[in-house]
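Chemist: To be precise about what I am sending: the file is called protein.pdb and holds PDB, C-alpha atoms.
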```
ATOM      1  CA  MET A 905      87.927 113.629 107.908
ATOM      2  CA  THR A 906      89.721 111.670 110.642
ATOM      3  CA  ALA A 907      91.139 108.366 109.446
ATOM      4  CA  ALA A 908      89.668 105.308 111.160
ATOM      5  CA  ILE A 909      93.141 103.739 111.248
ATOM      6  CA  GLU A 910      96.377 105.410 110.230
ATOM      7  CA  ALA A 911      99.874 103.939 110.204
ATOM      8  CA  ARG A 912     102.830 106.235 109.573
ATOM      9  CA  SER A 913     106.176 104.580 108.789
ATOM     10  CA  VAL A 914     105.479 101.773 111.268
ATOM     11  CA  ALA A 915     108.409  99.403 111.751
ATOM     12  CA  LYS A 916     108.834  96.473 114.094
ATOM     13  CA  ARG A 917     112.120  94.698 114.671
ATOM     14  CA  TYR A 918     112.890  91.589 116.696
ATOM     15  CA  GLY A 919     116.666  91.652 116.890
ATOM     16  CA  SER A 920     117.907  91.594 113.299
ATOM     17  CA  PHE A 921     114.527  90.448 111.930
ATOM     18  CA  GLU A 922     112.229  93.133 110.522
ATOM     19  CA  ALA A 923     108.595  92.080 110.877
ATOM     20  CA  LEU A 924     107.423  95.457 109.524
ATOM     21  CA  ARG A 925     109.485  97.791 107.359
ATOM     22  CA  GLY A 926     108.032 101.290 107.388
ATOM     23  CA  VAL A 927     104.363 100.530 106.691
ATOM     24  CA  SER A 928     102.231 103.581 105.922
ATOM     25  CA  LEU A 929      98.538 103.434 105.114
ATOM     26  CA  SER A 930      95.312 105.237 105.950
ATOM     27  CA  ILE A 931      91.879 103.625 106.249
ATOM     28  CA  ASP A 932      88.890 105.943 105.937
ATOM     29  CA  GLU A 933      85.904 105.932 108.259
ATOM     30  CA  GLY A 934      83.176 103.620 106.964
ATOM     31  CA  GLU A 935      85.507 101.668 104.669
ATOM     32  CA  PHE A 936      85.534  97.905 104.227
ATOM     33  CA  PHE A 937      89.285  97.397 103.922
ATOM     34  CA  GLY A 938      91.227  94.221 103.139
ATOM     35  CA  LEU A 939      94.717  93.508 104.487
ATOM     36  CA  LEU A 940      96.182  90.584 102.572
ATOM     37  CA  GLY A 941      99.498  88.800 102.443
ATOM     38  CA  PRO A 942     101.154  85.392 102.778
ATOM     39  CA  ASN A 943     101.936  83.888 106.159
ATOM     40  CA  GLY A 944     104.635  85.943 107.866
ATOM     41  CA  ALA A 945     103.966  89.077 105.813
ATOM     42  CA  GLY A 946     103.354  91.183 108.935
ATOM     43  CA  LYS A 947      99.557  91.467 108.953
ATOM     44  CA  THR A 948      99.022  90.268 112.513
ATOM     45  CA  THR A 949     102.014  92.297 113.746
ATOM     46  CA  LEU A 950     100.475  95.458 112.273
ATOM     47  CA  ILE A 951      97.093  94.643 113.829
ATOM     48  CA  SER A 952      98.757  93.979 117.187
ATOM     49  CA  ILE A 953     100.459  97.396 117.061
ATOM     50  CA  VAL A 954      97.171  99.116 116.199
ATOM     51  CA  ALA A 955      95.456  97.227 119.037
ATOM     52  CA  GLY A 956      98.157  98.217 121.541
ATOM     53  CA  LEU A 957      99.331  94.652 122.114
ATOM     54  CA  VAL A 958     102.762  95.248 120.566
ATOM     55  CA  ARG A 959     104.884  98.410 120.672
ATOM     56  CA  ALA A 960     106.269  99.564 117.321
ATOM     57  CA  SER A 961     110.054  99.958 117.059
ATOM     58  CA  SER A 962     109.468 103.212 115.173
ATOM     59  CA  GLY A 963     106.646 105.081 113.512
ATOM     60  CA  GLU A 964     103.169 105.924 114.786
ATOM     61  CA  ALA A 965      99.674 104.450 114.593
ATOM     62  CA  SER A 966      96.279 105.876 115.527
ATOM     63  CA  VAL A 967      92.664 104.756 115.758
ATOM     64  CA  MET A 968      89.980 107.399 115.120
ATOM     65  CA  GLY A 969      92.672 110.044 115.594
ATOM     66  CA  HIS A 970      93.867 108.654 118.946
ATOM     67  CA  ASP A 971      97.525 107.671 119.135
ATOM     68  CA  VAL A 972      97.728 104.023 120.200
ATOM     69  CA  VAL A 973     100.516 104.791 122.715
ATOM     70  CA  ARG A 974      99.815 108.278 124.063
ATOM     71  CA  GLU A 975      96.007 107.917 124.046
ATOM     72  CA  PHE A 976      95.764 104.162 124.443
ATOM     73  CA  ARG A 977      92.492 104.128 126.397
ATOM     74  CA  ALA A 978      90.573 106.079 123.751
ATOM     75  CA  ALA A 979      92.247 104.122 120.932
ATOM     76  CA  ARG A 980      91.340 100.750 122.439
ATOM     77  CA  ARG A 981      87.775 101.825 123.198
ATOM     78  CA  ALA A 982      87.347 102.719 119.504
ATOM     79  CA  LEU A 983      88.580  99.308 118.325
ATOM     80  CA  GLY A 984      87.188  95.786 118.357
ATOM     81  CA  VAL A 985      89.510  92.953 117.304
ATOM     82  CA  VAL A 986      88.652  89.363 116.429
ATOM     83  CA  PRO A 987      91.976  87.485 116.845
ATOM     84  CA  GLN A 988      93.125  84.442 114.886
ATOM     85  CA  GLU A 989      93.622  82.303 117.978
ATOM     86  CA  LEU A 990      90.774  80.792 119.968
ATOM     87  CA  VAL A 991      91.266  82.482 123.351
ATOM     88  CA  PHE A 992      88.540  82.060 125.956
ATOM     89  CA  ASP A 993      87.920  81.809 129.696
ATOM     90  CA  PRO A 994      86.650  78.274 130.485
ATOM     91  CA  PHE A 995      84.852  79.286 133.708
ATOM     92  CA  PHE A 996      81.975  81.334 132.268
ATOM     93  CA  THR A 997      78.966  80.962 130.030
ATOM     94  CA  VAL A 998      78.673  82.820 126.740
ATOM     95  CA  ARG A 999      76.437  85.531 128.232
ATOM     96  CA  GLU A1000      78.675  85.943 131.281
ATOM     97  CA  THR A1001      81.691  86.280 128.991
ATOM     98  CA  LEU A1002      80.015  89.083 127.033
ATOM     99  CA  ARG A1003      78.881  90.854 130.211
ATOM    100  CA  ILE A1004      82.430  90.742 131.574
ATOM    101  CA  THR A1005      83.788  92.105 128.279
ATOM    102  CA  SER A1006      81.216  94.914 128.469
ATOM    103  CA  GLY A1007      82.470  95.686 131.967
ATOM    104  CA  TYR A1008      86.032  96.084 130.686
ATOM    105  CA  TYR A1009      84.749  99.091 128.741
ATOM    106  CA  GLY A1010      82.666 100.438 131.634
ATOM    107  CA  ILE A1011      79.347  99.515 129.972
ATOM    108  CA  ARG A1012      76.488  98.503 132.273
ATOM    109  CA  ARG A1013      73.053  97.127 131.417
ATOM    110  CA  ASN A1014      74.205  96.013 127.986
ATOM    111  CA  ASP A1015      71.930  92.962 127.720
ATOM    112  CA  ASP A1016      69.761  94.330 124.898
ATOM    113  CA  TRP A1017      72.784  94.721 122.614
ATOM    114  CA  ILE A1018      74.231  91.404 123.822
ATOM    115  CA  ASP A1019      70.962  89.694 122.864
ATOM    116  CA  GLU A1020      71.073  91.307 119.423
ATOM    117  CA  VAL A1021      74.658  90.220 118.845
ATOM    118  CA  LEU A1022      73.884  86.676 120.027
ATOM    119  CA  ALA A1023      70.875  86.479 117.716
ATOM    120  CA  ASN A1024      72.789  87.758 114.689
ATOM    121  CA  LEU A1025      75.623  85.296 115.255
ATOM    122  CA  ASP A1026      73.219  82.415 115.885
ATOM    123  CA  LEU A1027      74.419  82.080 119.485
ATOM    124  CA  ALA A1028      71.139  82.712 121.294
ATOM    125  CA  SER A1029      70.631  79.022 122.036
ATOM    126  CA  LYS A1030      74.150  78.855 123.523
ATOM    127  CA  ALA A1031      73.851  81.942 125.734
ATOM    128  CA  ASP A1032      73.863  79.969 128.993
ATOM    129  CA  VAL A1033      76.299  77.254 127.883
ATOM    130  CA  ASN A1034      79.783  77.144 129.399
ATOM    131  CA  MET A1035      82.527  78.156 126.967
ATOM    132  CA  ARG A1036      84.295  74.804 127.459
ATOM    133  CA  ALA A1037      81.302  72.971 126.005
ATOM    134  CA  LEU A1038      81.280  74.874 122.701
ATOM    135  CA  SER A1039      82.675  73.602 119.416
ATOM    136  CA  GLY A1040      85.563  75.431 117.780
ATOM    137  CA  GLY A1041      83.224  77.206 115.367
ATOM    138  CA  MET A1042      80.955  78.351 118.202
ATOM    139  CA  LYS A1043      83.935  79.659 120.191
ATOM    140  CA  ARG A1044      84.976  81.708 117.169
ATOM    141  CA  ARG A1045      81.475  83.187 117.039
ATOM    142  CA  VAL A1046      81.884  84.253 120.671
ATOM    143  CA  LEU A1047      85.185  85.957 119.788
ATOM    144  CA  VAL A1048      83.334  87.949 117.145
ATOM    145  CA  ALA A1049      80.632  88.823 119.685
ATOM    146  CA  GLN A1050      83.277  89.992 122.197
ATOM    147  CA  ALA A1051      84.789  92.319 119.601
ATOM    148  CA  LEU A1052      81.369  93.859 118.925
ATOM    149  CA  VAL A1053      79.977  94.023 122.445
ATOM    150  CA  HIS A1054      81.103  97.627 123.118
ATOM    151  CA  ARG A1055      79.944  98.819 119.652
ATOM    152  CA  PRO A1056      83.345 100.039 118.468
ATOM    153  CA  PRO A1057      83.437 102.290 115.398
ATOM    154  CA  VAL A1058      86.363 100.258 114.003
ATOM    155  CA  ILE A1059      86.284  96.455 113.787
ATOM    156  CA  VAL A1060      89.297  94.338 112.817
ATOM    157  CA  LEU A1061      88.630  90.760 111.737
ATOM    158  CA  ASP A1062      91.825  88.676 111.683
ATOM    159  CA  GLU A1063      90.969  85.473 109.795
ATOM    160  CA  PRO A1064      87.427  85.414 111.254
ATOM    161  CA  THR A1065      86.142  82.488 109.167
ATOM    162  CA  ALA A1066      89.159  80.176 109.491
ATOM    163  CA  GLY A1067      87.881  76.691 110.218
ATOM    164  CA  VAL A1068      84.191  77.594 110.438
ATOM    165  CA  ASP A1069      81.245  76.240 108.486
ATOM    166  CA  VAL A1070      79.565  77.817 105.488
ATOM    167  CA  GLU A1071      76.463  78.741 107.503
ATOM    168  CA  LEU A1072      78.486  80.825 109.961
ATOM    169  CA  ARG A1073      80.308  82.568 107.137
ATOM    170  CA  GLN A1074      77.025  83.624 105.571
ATOM    171  CA  THR A1075      75.551  84.693 108.918
ATOM    172  CA  LEU A1076      78.695  86.566 109.920
ATOM    173  CA  TRP A1077      79.074  88.463 106.652
ATOM    174  CA  GLN A1078      75.409  89.439 106.622
ATOM    175  CA  PHE A1079      75.810  90.947 110.096
ATOM    176  CA  ILE A1080      79.162  92.601 109.328
ATOM    177  CA  ARG A1081      77.779  94.122 106.133
ATOM    178  CA  ARG A1082      74.950  95.593 108.155
ATOM    179  CA  LEU A1083      77.423  97.099 110.635
ATOM    180  CA  ASN A1084      79.438  98.533 107.747
ATOM    181  CA  ALA A1085      76.273 100.014 106.219
ATOM    182  CA  ASP A1086      75.590 101.629 109.607
ATOM    183  CA  GLY A1087      78.964 103.404 109.432
ATOM    184  CA  HIS A1088      81.377 100.992 111.141
ATOM    185  CA  THR A1089      84.830 100.664 109.605
ATOM    186  CA  ILE A1090      85.751  97.043 108.880
ATOM    187  CA  VAL A1091      89.308  95.777 108.394
ATOM    188  CA  LEU A1092      89.592  92.185 107.205
ATOM    189  CA  THR A1093      92.524  89.822 106.911
ATOM    190  CA  THR A1094      91.741  86.520 105.247
ATOM    191  CA  HIS A1095      93.231  83.781 103.111
ATOM    192  CA  TYR A1096      89.815  83.309 101.465
ATOM    193  CA  LEU A1097      90.467  85.801  98.687
ATOM    194  CA  GLU A1098      86.998  85.416  97.206
ATOM    195  CA  GLU A1099      85.672  86.933 100.449
ATOM    196  CA  ALA A1100      88.014  89.895 100.157
ATOM    197  CA  GLN A1101      87.101  90.430  96.508
ATOM    198  CA  GLU A1102      83.390  90.427  97.278
ATOM    199  CA  LEU A1103      83.484  92.504 100.461
ATOM    200  CA  CYS A1104      86.396  94.956 100.418
ATOM    201  CA  ASP A1105      86.351  98.430  98.862
ATOM    202  CA  ARG A1106      90.140  98.752  99.010
ATOM    203  CA  ILE A1107      92.941  96.287  99.546
ATOM    204  CA  ALA A1108      96.516  96.504 100.793
ATOM    205  CA  MET A1109      98.877  93.607 100.115
ATOM    206  CA  LEU A1110     101.855  93.033 102.409
ATOM    207  CA  LYS A1111     104.967  91.000 101.731
ATOM    208  CA  ASN A1112     108.022  90.683 103.969
ATOM    209  CA  GLY A1113     106.765  93.477 106.200
ATOM    210  CA  ALA A1114     106.159  96.054 103.450
ATOM    211  CA  VAL A1115     103.115  97.230 101.475
ATOM    212  CA  VAL A1116     103.542  96.024  97.874
ATOM    213  CA  ALA A1117     100.097  96.983  96.553
ATOM    214  CA  LEU A1118      97.410  99.391  97.773
ATOM    215  CA  ASP A1119      94.396 100.325  95.662
ATOM    216  CA  ARG A1120      90.691  99.902  95.178
ATOM    217  CA  THR A1121      89.734  96.277  94.552
ATOM    218  CA  SER A1122      88.252  97.125  91.167
ATOM    219  CA  ALA A1123      91.429  98.985  90.160
ATOM    220  CA  LEU A1124      93.643  96.044  91.111
ATOM    221  CA  LEU A1125      91.501  93.712  89.030
ATOM    222  CA  ARG A1126      91.659  96.089  86.047
ATOM    223  CA  ARG A1127      95.424  96.561  86.395
ATOM    224  CA  PHE A1128      96.007  92.836  86.033
ATOM    225  CA  ALA A1129      93.094  92.241  83.690
ATOM    226  CA  SER A1130      93.555  88.981  81.857
ATOM    227  CA  GLY A1131      91.675  85.758  81.402
ATOM    228  CA  ARG A1132      92.468  82.142  82.062
ATOM    229  CA  LEU A1133      91.696  79.494  79.447
ATOM    230  CA  GLN A1134      91.352  76.200  81.281
ATOM    231  CA  LEU A1135      91.615  73.096  79.112
ATOM    232  CA  ARG A1136      91.708  69.337  79.385
ATOM    233  CA  LEU A1137      93.709  68.042  76.456
ATOM    234  CA  ALA A1138      94.254  64.615  74.947
ATOM    235  CA  GLY A1139      96.083  63.212  71.949
ATOM    236  CA  ALA A1140      99.224  65.360  71.949
ATOM    237  CA  PRO A1141     101.287  67.525  74.300
ATOM    238  CA  LEU A1142     100.789  71.260  74.521
ATOM    239  CA  PRO A1143     102.587  72.897  71.550
ATOM    240  CA  ALA A1144     105.878  74.571  72.436
ATOM    241  CA  ALA A1145     104.569  77.849  70.991
ATOM    242  CA  LEU A1146     101.897  77.976  73.716
ATOM    243  CA  GLU A1147     104.181  77.092  76.651
ATOM    244  CA  PRO A1148     104.890  80.789  77.462
ATOM    245  CA  LEU A1149     101.158  81.214  78.110
ATOM    246  CA  ARG A1150     100.974  78.346  80.580
ATOM    247  CA  ILE A1151      99.937  79.322  84.111
ATOM    248  CA  MET A1152     101.605  77.125  86.682
ATOM    249  CA  GLU A1153      99.275  76.456  89.591
ATOM    250  CA  PRO A1154     100.804  76.913  93.068
ATOM    251  CA  GLY A1155     102.591  73.705  94.073
ATOM    252  CA  ALA A1156     102.355  72.151  90.612
ATOM    253  CA  ALA A1157     105.415  70.456  89.153
ATOM    254  CA  ALA A1158     106.816  71.764  85.881
ATOM    255  CA  PRO A1159     105.665  69.614  82.936
ATOM    256  CA  ALA A1160     108.165  67.347  81.208
ATOM    257  CA  PRO A1161     109.075  68.578  77.712
ATOM    258  CA  GLN A1162     107.516  65.587  75.960
ATOM    259  CA  GLN A1163     104.797  64.870  78.489
ATOM    260  CA  ALA A1164     101.779  63.338  76.837
ATOM    261  CA  ALA A1165      98.694  65.466  77.154
ATOM    262  CA  GLY A1166      96.237  62.600  77.458
ATOM    263  CA  GLY A1167      93.661  63.984  79.883
ATOM    264  CA  ALA A1168      96.135  66.633  81.060
ATOM    265  CA  ARG A1169      94.722  69.857  82.494
ATOM    266  CA  VAL A1170      96.421  73.088  81.507
ATOM    267  CA  SER A1171      95.685  76.758  82.137
ATOM    268  CA  LEU A1172      96.735  79.405  79.634
ATOM    269  CA  ARG A1173      96.858  83.167  80.144
ATOM    270  CA  VAL A1174      94.568  85.096  77.792
ATOM    271  CA  ASP A1175      94.947  88.895  77.722
ATOM    272  CA  ASP A1176      92.160  89.352  75.185
ATOM    273  CA  VAL A1177      89.232  87.151  74.175
ATOM    274  CA  GLY A1178      90.351  87.520  70.564
ATOM    275  CA  GLU A1179      93.425  85.410  71.370
ATOM    276  CA  VAL A1180      91.324  82.321  72.056
ATOM    277  CA  GLU A1181      90.804  81.428  68.380
ATOM    278  CA  ALA A1182      94.537  81.562  67.664
ATOM    279  CA  ILE A1183      95.186  79.296  70.660
ATOM    280  CA  LEU A1184      92.551  76.803  69.505
ATOM    281  CA  ALA A1185      94.020  76.830  65.977
ATOM    282  CA  ALA A1186      97.486  76.067  67.370
ATOM    283  CA  LEU A1187      96.079  73.190  69.404
ATOM    284  CA  ARG A1188      94.269  71.723  66.392
ATOM    285  CA  GLU A1189      97.409  71.967  64.262
ATOM    286  CA  ALA A1190      99.434  70.162  66.944
ATOM    287  CA  GLY A1191      96.886  67.342  67.060
ATOM    288  CA  CYS A1192      95.499  68.177  70.515
ATOM    289  CA  ARG A1193      91.956  67.085  71.243
ATOM    290  CA  ILE A1194      90.041  69.388  73.578
ATOM    291  CA  GLU A1195      87.945  67.390  76.053
ATOM    292  CA  GLU A1196      86.975  70.321  78.305
ATOM    293  CA  MET A1197      87.290  74.090  77.978
ATOM    294  CA  GLU A1198      86.420  77.026  80.221
ATOM    295  CA  LEU A1199      87.324  80.715  79.954
ATOM    296  CA  ALA A1200      87.616  82.253  83.429
ATOM    297  CA  ARG A1201      87.995  85.938  84.272
ATOM    298  CA  THR A1202      90.817  87.293  86.413
ATOM    299  CA  ASP A1203      89.991  87.170  90.108
ATOM    300  CA  LEU A1204      91.730  88.491  93.204
ATOM    301  CA  GLU A1205      93.627  85.238  93.665
ATOM    302  CA  ASP A1206      95.254  85.706  90.233
ATOM    303  CA  VAL A1207      96.114  89.308  91.130
ATOM    304  CA  PHE A1208      97.554  88.252  94.488
ATOM    305  CA  VAL A1209      99.770  85.564  92.953
ATOM    306  CA  ARG A1210     101.081  87.971  90.301
ATOM    307  CA  VAL A1211     101.794  90.743  92.805
ATOM    308  CA  MET A1212     103.677  88.334  95.090
ATOM    309  CA  LYS A1213     105.734  87.020  92.159
ATOM    310  CA  GLU A1214     106.559  90.464  90.798
ATOM    311  CA  THR A1215     107.800  91.740  94.176
ATOM    312  CA  ARG A1216     110.359  89.057  94.968
TER     313      ARG A1216
END
```
Re-express the file's structure as structure tokens.
Modeler:
Amino acid sequence: MTAAIEARSVAKRYGSFEALRGVSLSIDEGEFFGLLGPNGAGKTTLISIVAGLVRASSGEASVMGHDVVREFRAARRALGVVPQELVFDPFFTVRETLRITSGYYGIRRNDDWIDEVLANLDLASKADVNMRALSGGMKRRVLVAQALVHRPPVIVLDEPTAGVDVELRQTLWQFIRRLNADGHTIVLTTHYLEEAQELCDRIAMLKNGAVVALDRTSALLRRFASGRLQLRLAGAPLPAALEPLRIMEPGAAAPAPQQAAGGARVSLRVDDVGEVEAILAALREAGCRIEEMELARTDLEDVFVRVMKETR
């Protein structure tokens, strides 16, 4: 089977800075694939190389078996990209914009599909509105429509729901899921990790231009399987014996050694439910009063944080 997207030892250098360091991955046809990483990890650079917007310093990339350099026309025709940035032509209406985009791909009389895309993205009422008059969320919907207007077999969504309302997210994902069910390959980059966990079959995590994790979403969750015991404590500080279990939230300051726990919220790592009773016993012995308690399962955000920490 031909890979929908394949990267083979792709590197990109800007002077002495390496934006990508030999990235290799293969995305199967029909997959819903997540590409995750912190800001500056190289996600957008990799997408730009696949889309033919940036030339790799070394390595090769292909879309549906077409090399993005040697067979760039076929590769670009097979790909639809929703960029992070809001880029639009202020002189045309929404429908005119989509007709022009269709023309770039040599597609005539595409209004039936344009109408379907507009309806599914809740843009039908804005079809004859000038792009300048749209809100930021509506402009992002048009970017999604432009990526879909030539019915590409591979669709890349680069932060598609950044700064948009909940209604659009639900509408967009319903439509994208339908396209995926119809056989389209979807590649998603997002900082909303709950979206990636719910939608993606497999996930690659990038850091400093390299792939640091690549597996099925379910396998990643099992590999880092652990729970989180979230507590609000009063009466006494967290016992020293439990400090190694404390999960520091991103951006949180380290607790003072004798910090009073009156109303303090703490999160403790729990590898097995059977450990909870021992933790509660230690808290009771230390004089801690539990005001709130919740046992949460590991999610993709926990996995992401641990992978990033372990690959420093």
Chemist: For the structure shown, which residues end up in the PyMOL selection byres ((chain A and resi 1010-1022) around 8)? Put them as a PyMOL selection string, please?
Modeler: chain A and resi 999+1002-1003+1006-1009+1023-1028+1031+1049+1052-1054
Chemist: So which residues get picked by the PyMOL selection byres ((chain A and resi 910) around 6) here, written as a list in words?
Modeler: Ile909, Ala911, Leu929, Ser930, Ala965 and Ser966 of chain A
Chemist: Grab the residues selected above and save them as a PDB file, keeping the file's coordinate frame with C-alpha atoms.
Modeler:
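Contents of out.pdb, freshly written:
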```pdb
ATOM      1  CA  ILE A 909      93.141 103.739 111.248  1.00  0.00           C
ATOM      2  CA  ALA A 911      99.874 103.939 110.204  1.00  0.00           C
ATOM      3  CA  LEU A 929      98.538 103.434 105.114  1.00  0.00           C
ATOM      4  CA  SER A 930      95.312 105.237 105.950  1.00  0.00           C
ATOM      5  CA  ALA A 965      99.674 104.450 114.593  1.00  0.00           C
ATOM      6  CA  SER A 966      96.279 105.876 115.527  1.00  0.00           C
TER       7      SER A 966
END
```
Chemist: Quick one: distance from CA of Val1091 in chain A to CA of Val1115 in chain A in Å, one decimal?
Modeler: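 Going from CA of Val1091 in chain A over to CA of Val1115 in chain A covers 15.5 Å.
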Chemist: Just the residues within 12 Å of Gly956 in chain A, please, counting all atoms listed in the file, with nothing from its chain fewer than 6 positions along; format it as a PyMOL selection string.
Modeler: chain A and resi 949-950+964-967+970-985
Chemist: Let me make sure I understand: among A:Arg1045, A:Arg1201, A:His1088, A:Lys1111, which one has the smallest atom-to-atom distance to Arg925 in chain A if we use only C-alpha atoms?
Modeler: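 Counting only C-alpha atoms, the residue closest to Arg925 in chain A is A:Lys1111.
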Chemist: How far is it from CA of Ser961 in chain A to CA of Gly941 in chain A, in Å with one decimal?
Modeler: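 A separation of 21.2 Å between them.
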Chemist: At what distance in Å, to one decimal, does CA of Gln1050 in chain A lie from CA of Leu1097 in chain A?
Modeler: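 These atoms are spaced 24.9 Å apart.
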Chemist: Which is closer to Phe1128 in chain A than all the others in A:Ala955, A:Val1207, A:Ala923, A:Ala1100, using only C-alpha atoms?
Modeler: A:Val1207
Chemist: Applying 10 Å and only C-alpha atoms, which residues near Ala1117 in chain A remain after dropping the ones on its own chain fewer than 4 positions away? List them as a PDB file with C-alpha atoms, in the frame of the given file.
Modeler:
```
ATOM      1  CA  LEU A 940      96.182  90.584 102.572  1.00  0.00           C
ATOM      2  CA  ILE A1107      92.941  96.287  99.546  1.00  0.00           C
ATOM      3  CA  ALA A1108      96.516  96.504 100.793  1.00  0.00           C
ATOM      4  CA  MET A1109      98.877  93.607 100.115  1.00  0.00           C
ATOM      5  CA  LEU A1110     101.855  93.033 102.409  1.00  0.00           C
ATOM      6  CA  LYS A1111     104.967  91.000 101.731  1.00  0.00           C
ATOM      7  CA  LEU A1124      93.643  96.044  91.111  1.00  0.00           C
ATOM      8  CA  PHE A1208      97.554  88.252  94.488  1.00  0.00           C
ATOM      9  CA  VAL A1211     101.794  90.743  92.805  1.00  0.00           C
ATOM     10  CA  MET A1212     103.677  88.334  95.090  1.00  0.00           C
ATOM     11  CA  THR A1215     107.800  91.740  94.176  1.00  0.00           C
TER      12      THR A1215
END
```
Chemist: Could you tell me, as a list of chain:residue names, exactly which residues end up selected when the PyMOL selection byres ((chain A and resi 994) around 12) is applied to this structure?
Modeler: A:Leu990, A:Val991, A:Phe992, A:Asp993, A:Phe995, A:Phe996, A:Thr997, A:Val998, A:Glu1000, A:Thr1001, A:Val1033, A:Asn1034, A:Met1035, A:Arg1036, A:Ala1037, A:Leu1038, A:Lys1043
Chemist: Between A:Leu1047, A:Leu1187, A:Ala1168, A:Leu1125, single out the one closest to Gln1101 in chain A, counting only C-alpha atoms.
Modeler: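 Selected residue with least distance to Gln1101 in chain A: A:Leu1125.
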Chemist: Identify, on the basis of only C-alpha atoms, every residue whose closest approach to Leu1083 in chain A does not exceed 12 Å; exclude the query and any residue fewer than 2 positions from it along the same chain; express the result as number ranges by chain.
Modeler: A: 934-936, 1021, 1024, 1052, 1055-1059, 1076-1081, 1085-1090
Chemist: Can I get the selection written as a PDB file, in the coordinates of the input, with C-alpha atoms?
Modeler:
```pdb
ATOM      1  CA  GLY A 934      83.176 103.620 106.964  1.00  0.00           C
ATOM      2  CA  GLU A 935      85.507 101.668 104.669  1.00  0.00           C
ATOM      3  CA  PHE A 936      85.534  97.905 104.227  1.00  0.00           C
ATOM      4  CA  VAL A1021      74.658  90.220 118.845  1.00  0.00           C
ATOM      5  CA  ASN A1024      72.789  87.758 114.689  1.00  0.00           C
ATOM      6  CA  LEU A1052      81.369  93.859 118.925  1.00  0.00           C
ATOM      7  CA  ARG A1055      79.944  98.819 119.652  1.00  0.00           C
ATOM      8  CA  PRO A1056      83.345 100.039 118.468  1.00  0.00           C
ATOM      9  CA  PRO A1057      83.437 102.290 115.398  1.00  0.00           C
ATOM     10  CA  VAL A1058      86.363 100.258 114.003  1.00  0.00           C
ATOM     11  CA  ILE A1059      86.284  96.455 113.787  1.00  0.00           C
ATOM     12  CA  LEU A1076      78.695  86.566 109.920  1.00  0.00           C
ATOM     13  CA  TRP A1077      79.074  88.463 106.652  1.00  0.00           C
ATOM     14  CA  GLN A1078      75.409  89.439 106.622  1.00  0.00           C
ATOM     15  CA  PHE A1079      75.810  90.947 110.096  1.00  0.00           C
ATOM     16  CA  ILE A1080      79.162  92.601 109.328  1.00  0.00           C
ATOM     17  CA  ARG A1081      77.779  94.122 106.133  1.00  0.00           C
ATOM     18  CA  ALA A1085      76.273 100.014 106.219  1.00  0.00           C
ATOM     19  CA  ASP A1086      75.590 101.629 109.607  1.00  0.00           C
ATOM     20  CA  GLY A1087      78.964 103.404 109.432  1.00  0.00           C
ATOM     21  CA  HIS A1088      81.377 100.992 111.141  1.00  0.00           C
ATOM     22  CA  THR A1089      84.830 100.664 109.605  1.00  0.00           C
ATOM     23  CA  ILE A1090      85.751  97.043 108.880  1.00  0.00           C
TER      24      ILE A1090
END
```
Chemist: Nearest to Thr1093 in chain A among A:Arg1193, A:Arg917, A:Arg1173, A:Lys947, with distances taken over only C-alpha atoms: which residue is it?
Modeler: A:Lys947
Chemist: Pick out the residues sitting within 7 Å of Ala915 in chain A, and hand them over as an mmCIF file with C-alpha atoms, in the coordinates of the input; count only C-alpha atoms, and ignore anything fewer than 4 positions along from it in its own chain.
Modeler:
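Output file around_14.cif is given in full below:
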```
data_model
loop_
_atom_site.group_PDB
_atom_site.id
_atom_site.type_symbol
_atom_site.label_atom_id
_atom_site.label_comp_id
_atom_site.auth_asym_id
_atom_site.auth_seq_id
_atom_site.Cartn_x
_atom_site.Cartn_y
_atom_site.Cartn_z
ATOM 1 C CA LEU A 924 107.423 95.457 109.524
ATOM 2 C CA ARG A 925 109.485 97.791 107.359
ATOM 3 C CA GLY A 926 108.032 101.290 107.388
ATOM 4 C CA VAL A 927 104.363 100.530 106.691
ATOM 5 C CA ALA A 960 106.269 99.564 117.321
ATOM 6 C CA SER A 961 110.054 99.958 117.059
ATOM 7 C CA SER A 962 109.468 103.212 115.173
ATOM 8 C CA GLY A 963 106.646 105.081 113.512
#
```
Chemist: Select, from A:Asp1062, A:Glu1198, A:Asp1069, A:Asp1032, the residue with the minimum atom-to-atom distance to Val1174 in chain A, counting all atoms listed in the file.
Modeler: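 Nearest to Val1174 in chain A: A:Glu1198.
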Chemist: Of the candidates A:Glu1195, A:Asp1203, A:Asp932, A:Val914, which shows the shortest atom-to-atom distance to Arg959 in chain A, using all atoms listed in the file?
Modeler: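 The answer is A:Val914, which sits nearest to Arg959 in chain A.
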Chemist: Could you put an axis-aligned box around every listed atom of range 1109-1126 of chain A, padded by 4 Å on each side, and send me its centre and edge lengths in Å to one decimal, as lines of an AutoDock Vina configuration file?
Modeler:
```
center_x = 98.1
center_y = 95.5
center_z = 96.1
size_x = 27.8
size_y = 17.6
size_z = 28.2
```
